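> This is the structure I have questions about; it appears just below.
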Amino acid sequence: MLKTLRQIASVGIVSEQPPRPDEDLRIRDSLQAHIRAVLGRALCIRHIDAGSCNGCELEIHALNNPLYNLEGLGIRFVASPRHADLLLVTGPVSKHMEVALRRTYEATPDPKLVVALGDCGCTGGIFGESYASRGRVSNVLPVDVAVPGCPPSPTRILAGILTAISSAPAARAAPGQLT
Amino acid sequence: MALQTWFANSPPQPGAPGLCALTVSPDQWRQVAQDFAAAAGRLLALWASADERGTPTIRAAFLAEQQGLLLSVPLARPDVPYPGIGDLFPAAVRMQRAIADLTGLRSTDSDARPWLRHAAWPAGYRPLIDPPLSAPGAQADLDDYAFVRVEGDGVHEIAVGPVHAGTIEPGHFRFSVVGEKVLRLEERLGFAHKGIEQRFTQLPILDAHRLAARVSGDSAVAFAWAYCQALEGMAGEEIPPRAAWLRALYLELERVANHLGDLGALGNDAGFAFGLAQFSRLKEGVLRASHEALGERYLMDAIAPGGTRRDLARNGAPPLGRYLREIADEVLRLQMIYDEHEGVRDRFNGAGTVAPELAARLGLTGLAGRASAQAFDLRSDLPCKPYAQLSVRKIIRTDGDVAARVAVRFDELQESCRLIQHILGALPDGPHCTHVRVPADGAMGAGLIEGWRGPVWVALEAGPAGTIRRCHPHDPSWQNWPVLEHAIIGNIVPDFPLINKSFNLSYSGHDL
């Protein structure tokens with residue numbers, strides 16, 4: 001026990017500043033600003049691997065390490081789509097995962113956001129479309145934000161998530177149109 | 001004795017060291033397999049392709065007595081089932097089912113259920129024989145899979161997946177349980193099947209190492225190296241010494257990163273979140289050090305035909321070496337904390353045991369195999385350059401439980417840190433890459449690399465004008481997934497995540 005406490009104390013707090021949202025990653029603007037403002041304070045994410053090579057998963061795991069400290073930002077991964085506000089989808093969508101992906105989307109309550117992750121999620125990547133692959137995530141689901149990279153770094157993934165829950169500049173400029 | 005006869009009649013196989021190639025008839029095929037089984041040999045991979053005249057051919061890679069054999073069995077009558085070898089090598093059963101799904105060639109073994117094919121393509125379509133579908137966009141449907149039913153008083157089923165509760169790859173587990181005790185687990189995989197082997201045939205042979213690196217992203221270096229080893233072998237190319245040493249550096253960095261990640265996750269699954277926080281911090285440090293020295297956090301594109309894509313950054317070696325030394329010290333400290341933590345010990349010890357005899361019978365391989373006394377590591381048993389000069393210490397445990405798989409990881413981490421120091425100190429000067437010519441039409445090469453999970457195999461056949469006729473990448477998860485079904489028997493359902501993580505098998509690398 002003493003060794004454990006000594007290790008915790010000697011490492012200290014290593015968390016870093018989060019990145020800023022990046023408008024270049026936004027594909028569509030589906031949520032009203034005031035909903036985003038609420039989600040932004042306590043966001044629940046459901047990750048779905050729709051057929052990836054598992055590279056993106058490694059970097060999603062990294063988001064939970066103490067340096068990125070995702071939970072410190074009020075963002076956490078949840079076990080059920082019924083608890084989720086945002087779906088984080090990786091991979092080209094394999095045909096064998098298509099039904100499961102659609103069902104997960106349908107099980108997620110409205111309003112919901114979809115972030116497609118990695119070159120494969122954005123374009124189908126090196127796997128493309130074939131007898132077994134549907135390619136990009138937007139071939140199957142409406143996508144709000146797409147984060148390229150192979151795999152994208154945790155900072156880029158975080159920027160993508162923060163973009164999804166931040167208001168587009170145009171929406172922010174018109175506060176009178178909240179409802 | 002008979003084994004030596006087969007080897008004596010086999011010319012060397014280009015690619016990885018210590019391999020021979022042999023063609024036999026369907027009648028002799030089972031005899032060869034029997035001889036390997038009798039000599040306690042291992043089945044590395046089993047797949048199908050067509051030979052240069054278009055004859056459907058079963059191919060297998062076996063290892064025994066520090067030699068490997070790439071066996072080809074042309075089937076003059078493809079409509080007649082070829083002899084199955086599931087009784088000799090249980091891991092072959094799923095490989096045979098996958099061959100049937102992808103090429104239509106069937107074995108005589110009894111389990112004829114589809115394996116990689118769900119409902120994405122019709123039974124009559126053979127993805128690796130027939131031309132690509134012209135309109136592949138149609139929406140997929142669900143199918144009905146004949147799981148084995150366990151009947152009896154109080155038996156019920158728990159179905160998990162393909163979408164899991166955590167950040168995990170897709171797959172389905174069907175547990176038959178009484179109370180919380182698992183009577184039987186049946187895996188259903190193939191959800192991540194995205195047509196990798198067909199995709200290979202559409203890429204130029206000098207570019208497809210990028211696809212190989214993405215067969216299983218956590219083993220990118222191992223697969224890319226195995227692919228390039230096959231390619232360079234058949235092109236008759238020797239890579240510069242510096243390139244071989246750099247590749248070994250990358251492979252050991254990949255091992256360090258994955259072992260760190262697993263040790264953290266295993267602590268977490270045993271209810272010790274401290275472990276996850278500590279190890280994931282160390283892993284992040286390794287990734288950042290890789291990024292500094294090599295330009296990539298994960299070395300997805302570090303290896304290229306002829307050597308490596310980039311050289312180590314100027315003055316990159318000292319900081320990388322320094323950081324790895326720090327890690328080795330911290331890991332020792334954390335190992336002591338894991339060892340002394342009663343709760344962790346209680347969860348690790350005796351969970352998911354695979355006894356050495358069972359491991360040998362089922363062909364458990366790689367890291368998990370070494371935790372069950374399967375003393376085999378390509379880096380010391382069949383070393384490619386530069387491993388012969390590195391004299392890798394083989395890590396063995398005999399308990400075969402989660403604790404043993406954790407202990408192997410701890411020791412391999414230390415050994416990889418030592419190897420990295422050695423490599424950084426002895427890195428030869430010179431170019432890090434050489435030009436590789438397009439191999440001749442019909443050439444065949446084989447790559448074999450000890451990835452962090454186990455032996456990674458790539459068989460590559462060249463087509464005309466720089467194309468690929470066939471490429472078969474094989475992840476050791478093929479061998480180890482069926483063993484997981486045995487490891488969980490008699491354990492409780494809540495221990496499954498821990499036991500599963502202690503194997504940490506690849507879905508993508510298996511599903512292709």
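Quick note on naming: the chains in the structure tokens go A, B, ... in the order shown, residues restart at 1 in each chain, and ligands are numbered from 1 in order of appearance.
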Please build the interface table for chain B against chain A with a cut-off of 7 Å, listing for each qualifying residue the nearest atom pair and the distance in Å to one decimal; count only C-alpha atoms, order rows by chain and increasing number, and write it as CSV.


residue,atom,partner,partner_atom,distance
B:His118,CA,A:His96,CA,6.6
B:Ala120,CA,A:Lys95,CA,5.5
B:Trp121,CA,A:Tyr131,CA,6.5
B:Leu133,CA,A:Tyr131,CA,6.2
B:Pro136,CA,A:Tyr131,CA,5.0
B:Gly137,CA,A:Arg134,CA,6.4
B:Ala140,CA,A:Lys95,CA,5.5
B:Asp141,CA,A:Val99,CA,6.8
B:Val163,CA,A:Ile48,CA,6.6
B:Ala165,CA,A:Ala79,CA,4.2
B:Gly166,CA,A:Ala79,CA,6.1
B:Thr167,CA,A:His47,CA,6.1
B:Glu169,CA,A:Asp49,CA,5.6
B:Pro170,CA,A:Asp49,CA,6.2
B:Phe191,CA,A:His96,CA,4.9
B:Ala192,CA,A:Gly51,CA,4.2
B:His193,CA,A:Ser94,CA,6.3
B:Lys194,CA,A:Ala132,CA,4.9
B:Gly195,CA,A:Ala132,CA,5.4
B:Ile196,CA,A:Phe127,CA,6.9
B:Arg199,CA,A:Phe127,CA,6.8
B:Leu211,CA,A:Ile126,CA,6.7
B:Arg214,CA,A:Cys53,CA,5.7
B:Val215,CA,A:Cys53,CA,6.0
B:Ser216,CA,A:Cys53,CA,5.0
B:Gly217,CA,A:Gly55,CA,4.3
B:Asp218,CA,A:Gly55,CA,6.0
B:Ala277,CA,A:Asn65,CA,6.1
B:Ser280,CA,A:Asn65,CA,5.5
B:Arg281,CA,A:Asn65,CA,6.0
B:Ile337,CA,A:Thr4,CA,6.6
B:Ser508,CA,A:Cys53,CA,5.4

> Save the residues we just selected, C-alpha atoms, as a compact mmCIF listing (two decimals), in the first residue's frame?


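What ended up in again-v6.txt:
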# COMPACT_ATOMS: atom_id res chain seq x y z
CA HIS B 118 -22.18 -14.56 -42.41
CA ALA B 120 -22.57 -10.50 -46.62
CA TRP B 121 -22.15 -12.61 -49.71
CA LEU B 133 -18.65 -8.16 -57.40
CA PRO B 136 -21.11 -4.62 -53.84
CA GLY B 137 -23.17 -1.83 -52.24
CA ALA B 140 -26.27 -6.77 -45.66
CA ASP B 141 -28.73 -8.95 -43.79
CA VAL B 163 -20.94 -4.69 -30.00
CA ALA B 165 -19.46 -2.81 -23.58
CA GLY B 166 -15.96 -1.36 -23.85
CA THR B 167 -13.66 -0.13 -26.58
CA GLU B 169 -13.27 -5.11 -31.51
CA PRO B 170 -16.50 -6.79 -32.66
CA PHE B 191 -17.74 -9.57 -37.88
CA ALA B 192 -14.64 -7.56 -38.81
CA HIS B 193 -14.20 -9.42 -42.12
CA LYS B 194 -13.60 -6.68 -44.65
CA GLY B 195 -12.15 -8.59 -47.59
CA ILE B 196 -8.44 -8.01 -46.92
CA ARG B 199 -8.03 -6.36 -51.55
CA LEU B 211 -2.31 -3.08 -46.23
CA ARG B 214 -3.35 -2.82 -41.27
CA VAL B 215 -4.31 -6.49 -40.99
CA SER B 216 -4.12 -5.99 -37.22
CA GLY B 217 -3.15 -2.45 -36.28
CA ASP B 218 -1.60 -3.47 -32.97
CA ALA B 277 -3.39 4.89 -14.81
CA SER B 280 -1.20 3.84 -19.71
CA ARG B 281 0.96 6.81 -18.72
CA ILE B 337 3.12 -3.50 -6.43
CA SER B 508 -9.33 -7.98 -37.27

> If you run DSSP on the backbone here, which positions in stretch 92-168 of chain A get alpha helix (DSSP H)? Please write them as a PyMOL selection string.

chain A and resi 95-107+118-123+154-165

> DSSP on the backbone, strand (DSSP E or B) only: what residues of stretch 58-180 of chain B does that give? Format it as a tab-separated table (two decimals) with N, CA and C atoms, in the first residue's frame.


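part-v1.tsv written:
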chain	number	residue	atom	x	y	z
B	58	ILE	N	-4.25	-26.36	-51.82
B	58	ILE	CA	-4.24	-26.17	-50.38
B	58	ILE	C	-2.79	-25.93	-49.98
B	59	ARG	N	-2.56	-24.93	-49.16
B	59	ARG	CA	-1.20	-24.67	-48.69
B	59	ARG	C	-1.18	-24.66	-47.16
B	60	ALA	N	-0.09	-25.15	-46.62
B	60	ALA	CA	0.05	-25.16	-45.18
B	60	ALA	C	1.49	-24.84	-44.81
B	61	ALA	N	1.68	-24.22	-43.66
B	61	ALA	CA	3.02	-23.98	-43.15
B	61	ALA	C	3.15	-24.70	-41.82
B	62	PHE	N	4.17	-25.56	-41.72
B	62	PHE	CA	4.44	-26.31	-40.49
B	62	PHE	C	5.82	-25.95	-39.97
B	63	LEU	N	5.99	-26.10	-38.67
B	63	LEU	CA	7.30	-25.92	-38.06
B	63	LEU	C	7.60	-27.13	-37.20
B	64	ALA	N	8.84	-27.60	-37.25
B	64	ALA	CA	9.30	-28.65	-36.33
B	64	ALA	C	10.81	-28.65	-36.32
B	67	GLN	N	12.92	-26.05	-38.11
B	67	GLN	CA	12.81	-25.90	-39.55
B	67	GLN	C	11.35	-25.68	-39.89
B	68	GLY	N	11.13	-25.01	-41.00
B	68	GLY	CA	9.76	-24.79	-41.42
B	68	GLY	C	9.52	-25.36	-42.80
B	69	LEU	N	8.28	-25.76	-43.07
B	69	LEU	CA	7.95	-26.32	-44.37
B	69	LEU	C	6.70	-25.65	-44.91
B	70	LEU	N	6.82	-25.13	-46.14
B	70	LEU	CA	5.64	-24.60	-46.81
B	70	LEU	C	5.17	-25.69	-47.77
B	71	LEU	N	4.02	-26.23	-47.47
B	71	LEU	CA	3.52	-27.39	-48.19
B	71	LEU	C	2.43	-26.97	-49.17
B	72	SER	N	2.52	-27.45	-50.41
B	72	SER	CA	1.46	-27.18	-51.39
B	72	SER	C	0.83	-28.49	-51.83
B	73	VAL	N	-0.49	-28.50	-51.87
B	73	VAL	CA	-1.23	-29.69	-52.26
B	73	VAL	C	-2.19	-29.34	-53.39
B	74	PRO	N	-1.75	-29.45	-54.65
B	74	PRO	CA	-2.65	-29.14	-55.76
B	74	PRO	C	-3.79	-30.14	-55.80
B	82	TYR	N	-10.94	-32.34	-49.87
B	82	TYR	CA	-9.57	-32.76	-49.54
B	82	TYR	C	-9.57	-33.27	-48.09
B	107	SER	N	-13.18	-29.47	-46.94
B	107	SER	CA	-12.41	-30.58	-46.37
B	107	SER	C	-13.37	-31.71	-46.02
B	155	VAL	N	-29.40	-24.83	-17.02
B	155	VAL	CA	-28.45	-24.25	-17.98
B	155	VAL	C	-29.11	-23.10	-18.73
B	156	HIS	N	-28.47	-21.98	-18.77
B	156	HIS	CA	-28.98	-20.92	-19.63
B	156	HIS	C	-27.85	-20.28	-20.41
B	157	GLU	N	-28.25	-19.51	-21.43
B	157	GLU	CA	-27.27	-18.91	-22.33
B	157	GLU	C	-27.13	-17.42	-22.09
B	158	ILE	N	-25.92	-16.93	-22.21
B	158	ILE	CA	-25.68	-15.48	-22.22
B	158	ILE	C	-25.03	-15.16	-23.57
B	159	ALA	N	-25.66	-14.25	-24.29
B	159	ALA	CA	-25.12	-13.86	-25.60
B	159	ALA	C	-24.49	-12.49	-25.47
B	160	VAL	N	-23.24	-12.35	-25.89
B	160	VAL	CA	-22.52	-11.08	-25.78
B	160	VAL	C	-21.96	-10.69	-27.15
B	172	HIS	N	-18.72	-12.16	-31.25
B	172	HIS	CA	-19.85	-12.64	-30.45
B	172	HIS	C	-19.41	-13.83	-29.58
B	173	PHE	N	-19.82	-13.79	-28.32
B	173	PHE	CA	-19.53	-14.89	-27.41
B	173	PHE	C	-20.84	-15.46	-26.89
B	174	ARG	N	-20.99	-16.77	-26.99
B	174	ARG	CA	-22.19	-17.41	-26.48
B	174	ARG	C	-21.78	-18.30	-25.30
B	175	PHE	N	-22.19	-17.86	-24.10
B	175	PHE	CA	-21.86	-18.63	-22.90
B	175	PHE	C	-23.03	-19.52	-22.52
B	176	SER	N	-22.75	-20.76	-22.20
B	176	SER	CA	-23.75	-21.62	-21.55
B	176	SER	C	-23.32	-21.73	-20.10
B	177	VAL	N	-24.20	-21.29	-19.19
B	177	VAL	CA	-23.80	-21.20	-17.80
B	177	VAL	C	-24.82	-21.87	-16.88
B	178	VAL	N	-24.30	-22.28	-15.72
B	178	VAL	CA	-25.17	-22.68	-14.62
B	178	VAL	C	-24.81	-21.77	-13.47

> Between atom CA of A:Thr155 and atom CA of A:Ile45, what distance in Å does the model show, to one decimal?

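Separation of atom CA of A:Thr155 and atom CA of A:Ile45: 16.4 Å.
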
> Quick one: residues within 9 Å of A:Cys44, only C-alpha atoms, excluding same-chain residues fewer than 4 positions away - as a PyMOL selection string?

chain A and resi 39+74-78+83-87

> Dump C-alpha atoms for the selected residues as a CSV table (one decimal), in the first residue's frame?


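Dumped to again-v1.csv:
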chain,number,residue,atom,x,y,z
A,39,LEU,CA,-24.1,18.0,-23.9
A,74,GLY,CA,-16.8,15.6,-18.3
A,75,ILE,CA,-16.7,13.2,-21.2
A,76,ARG,CA,-16.9,9.4,-20.6
A,77,PHE,CA,-17.4,6.2,-22.5
A,78,VAL,CA,-20.6,4.3,-21.6
A,83,HIS,CA,-26.9,5.9,-22.3
A,84,ALA,CA,-25.1,7.7,-25.1
A,85,ASP,CA,-25.2,11.1,-26.7
A,86,LEU,CA,-22.5,10.5,-29.2
A,87,LEU,CA,-21.5,7.5,-31.2
